[in-house]
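Undergrad: One structure, as structure tokens, below. Some questions next.
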Amino acid sequence: MIKKTEPKILFYTSIPRSFYTTLIGYLYEISQVYPVVLLSENLDPAIAKLLEKKDIFPKLEIIVPIKQYTGKKRNAFSKNYYLYNLAKNIVKEHKPNIVITANDVYPFEMYLMRFAKKINAVNVCFQSALQEKDIKELVLWSNLSNAYLQYPKILPLKLRLFFSRLKKFFGHIFFYWMLPLMVGERPFLGKSSFIIWKNSLSLQIADYQTVFSEMNYNLCVENGSSSEKVLILPHPLESESREIFKEMNLLELSPEVKKENKMIVIMWPAETVSFRRSDYSLISKEELLEERIKIVALINQTLNNWKIIIKPHPVVKNDEKLFQEITHRIASISKKIEIIDPNAPAEKYMEMSDVIVGMPPASTTIFIASLQSPKKPILSLDLNKELMGDYYDNFKGIEYIDNKTKFASILELIRNNKYHKKNKIRPKEKEFSNSVSLLRYLFDKKYEQK
């Protein structure tokens, strides 16, 4: 019999980055009311210690280690077998009423939800990162990147694009058909795929998906999702659970930056090439790096008494040669500019800074900044008018800048304390107030159906 008053929740952290910026807030809310089994990737030791505090997460019953995104590397077959058995045993042991993940397109999540459905549990995907405004643009950007980075330049572009699409097609067949069949499971036939990206806003196997805003809701419905399966749940930074993020920012996760003057933090992307929106022409690695260096130089020139922090995307650290080149070029501008560890928590530096700057393509970090520090100037740059660079155009709370003159002017206003921003205001009509009220709605709906 289902206990109507107290559903049992399985909650998966997904990749640590998504957990730190978003999902931990929902976990905090839910664990105040409902018993939760946390399925956790390897987390930062300080965050792992925080999760053990019963006064903060009172109904977090147990933490089960999962190594899909973290831990030792396995070949595809071994990893598939491991994740299949792990998901099967977890559902068998804990018998959840509700399963929460960040997506339903990766192996562990799909197996977990498939087994959960067999015991009549409700499967929900919680949005944890930025959604693309134009899926076709995302697919094009992905194919162009692969064509330029993975195939010999001697081949015609059309042929490279063909090979890129063909490789993705076979990759999709391998992950969604062959791997399940190898463990005696049916293929996953849903519309969504993390490989070909087509229909990536639709559900693969989950019953529902949550989104941050009405804009995200409309995007999902326009891309084929059932309106009844898309639910608006604001980011936890927009609710009382923002307190848990304040708690996290106080943790000693990385070396402190001494803030003697005003501070600006620049989010440095991982992408090494880009493409112009107008004709999809290549912006080479050398050209893109040069343009980013010019941005830093202009900031240094205008805000010459400010502390400037460069926060590279974590992926940048994987390319040691690139990281050294960035470090060398930044040092040539000024030795006072500090490049921090790419793995350091961006939120901590956004909290400390007075201004936050993002470069294309649009990142979730800038969106998080608009919620974490709504009164601060948050600038989204698109000076080269890049493919997927205009996400924050007309996005309230974030200043979208697509030319150098406007950028220089805004920097001067900031320097002279004359910059004024419009605070972000969003309609609340279709929203659930928090994740607890959403889960109560879904569980009551399921209970009534029985």
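In the structure tokens, each chain is lettered A, B, ... as it comes, each chain's residues begin at 1, and ligands are numbered from 1 in order of appearance.
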Using only C-alpha atoms, which residues sit within 7 Å of segment 340-357 of chain A once same-chain residues fewer than 5 positions away are excluded, as a PyMOL selection string?

TA: chain A and resi 249+254+262-267+310-314+316-317+369+373+376-380

Undergrad: Nearest to Lys88 of chain A: which of A:Leu144, A:Val122, A:Val183, A:Leu149 is it, counting only C-alpha atoms?

TA: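 Going through A:Leu144, A:Val122, A:Val183, A:Leu149 one by one, the smallest distance to Lys88 of chain A is for A:Val183.
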
Undergrad: So how many Å separate atom CA of Met215 of chain A and atom CA of Ile9 of chain A, to one decimal?

TA: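 Interatomic distance here is 28.1 Å.
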
Undergrad: Out of segment 51-261 of chain A, which residues get strand (DSSP E or B) from DSSP, as an mmCIF file with C-alpha atoms, in the first residue's frame?

TA:
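Produced file out_7.cif, reproduced below:
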data_model
loop_
_atom_site.group_PDB
_atom_site.id
_atom_site.type_symbol
_atom_site.label_atom_id
_atom_site.label_comp_id
_atom_site.auth_asym_id
_atom_site.auth_seq_id
_atom_site.Cartn_x
_atom_site.Cartn_y
_atom_site.Cartn_z
ATOM 1 C CA LEU A 60 18.055 12.522 4.112
ATOM 2 C CA GLU A 61 18.155 8.850 5.051
ATOM 3 C CA ILE A 62 21.127 7.436 3.158
ATOM 4 C CA ILE A 63 23.620 8.353 0.443
ATOM 5 C CA VAL A 64 24.250 5.721 -2.231
ATOM 6 C CA PRO A 65 27.405 6.198 -4.357
ATOM 7 C CA ILE A 98 9.037 9.236 -6.795
ATOM 8 C CA VAL A 99 12.336 9.327 -8.718
ATOM 9 C CA ILE A 100 14.030 12.667 -9.440
ATOM 10 C CA THR A 101 16.880 13.121 -11.918
ATOM 11 C CA VAL A 122 6.488 8.681 -10.673
ATOM 12 C CA ASN A 123 9.566 9.782 -12.662
ATOM 13 C CA VAL A 124 10.404 13.485 -12.821
ATOM 14 C CA CYS A 125 13.238 15.373 -14.529
ATOM 15 C CA TYR A 208 7.143 14.858 -16.105
ATOM 16 C CA GLN A 209 9.767 17.541 -16.469
ATOM 17 C CA THR A 210 10.147 20.792 -14.564
ATOM 18 C CA VAL A 211 11.372 24.062 -16.054
ATOM 19 C CA VAL A 230 5.804 20.251 -18.307
ATOM 20 C CA LEU A 231 5.623 21.950 -14.897
ATOM 21 C CA ILE A 232 7.082 25.327 -13.934
#

Undergrad: Do a neighbour search on Pro7 of chain A at 12 Å with only C-alpha atoms, toss out local chain neighbours closer than 6 positions, and write the hits as a ChimeraX atom specification.

TA: /A:1,30-31,33-37,59,94-99,121-122,436,439-444,446-447

Undergrad: Just give me the gap between atom CA of Arg277 of chain A and atom CA of Leu140 of chain A in Å, one decimal is fine.

TA: 10.8 Å
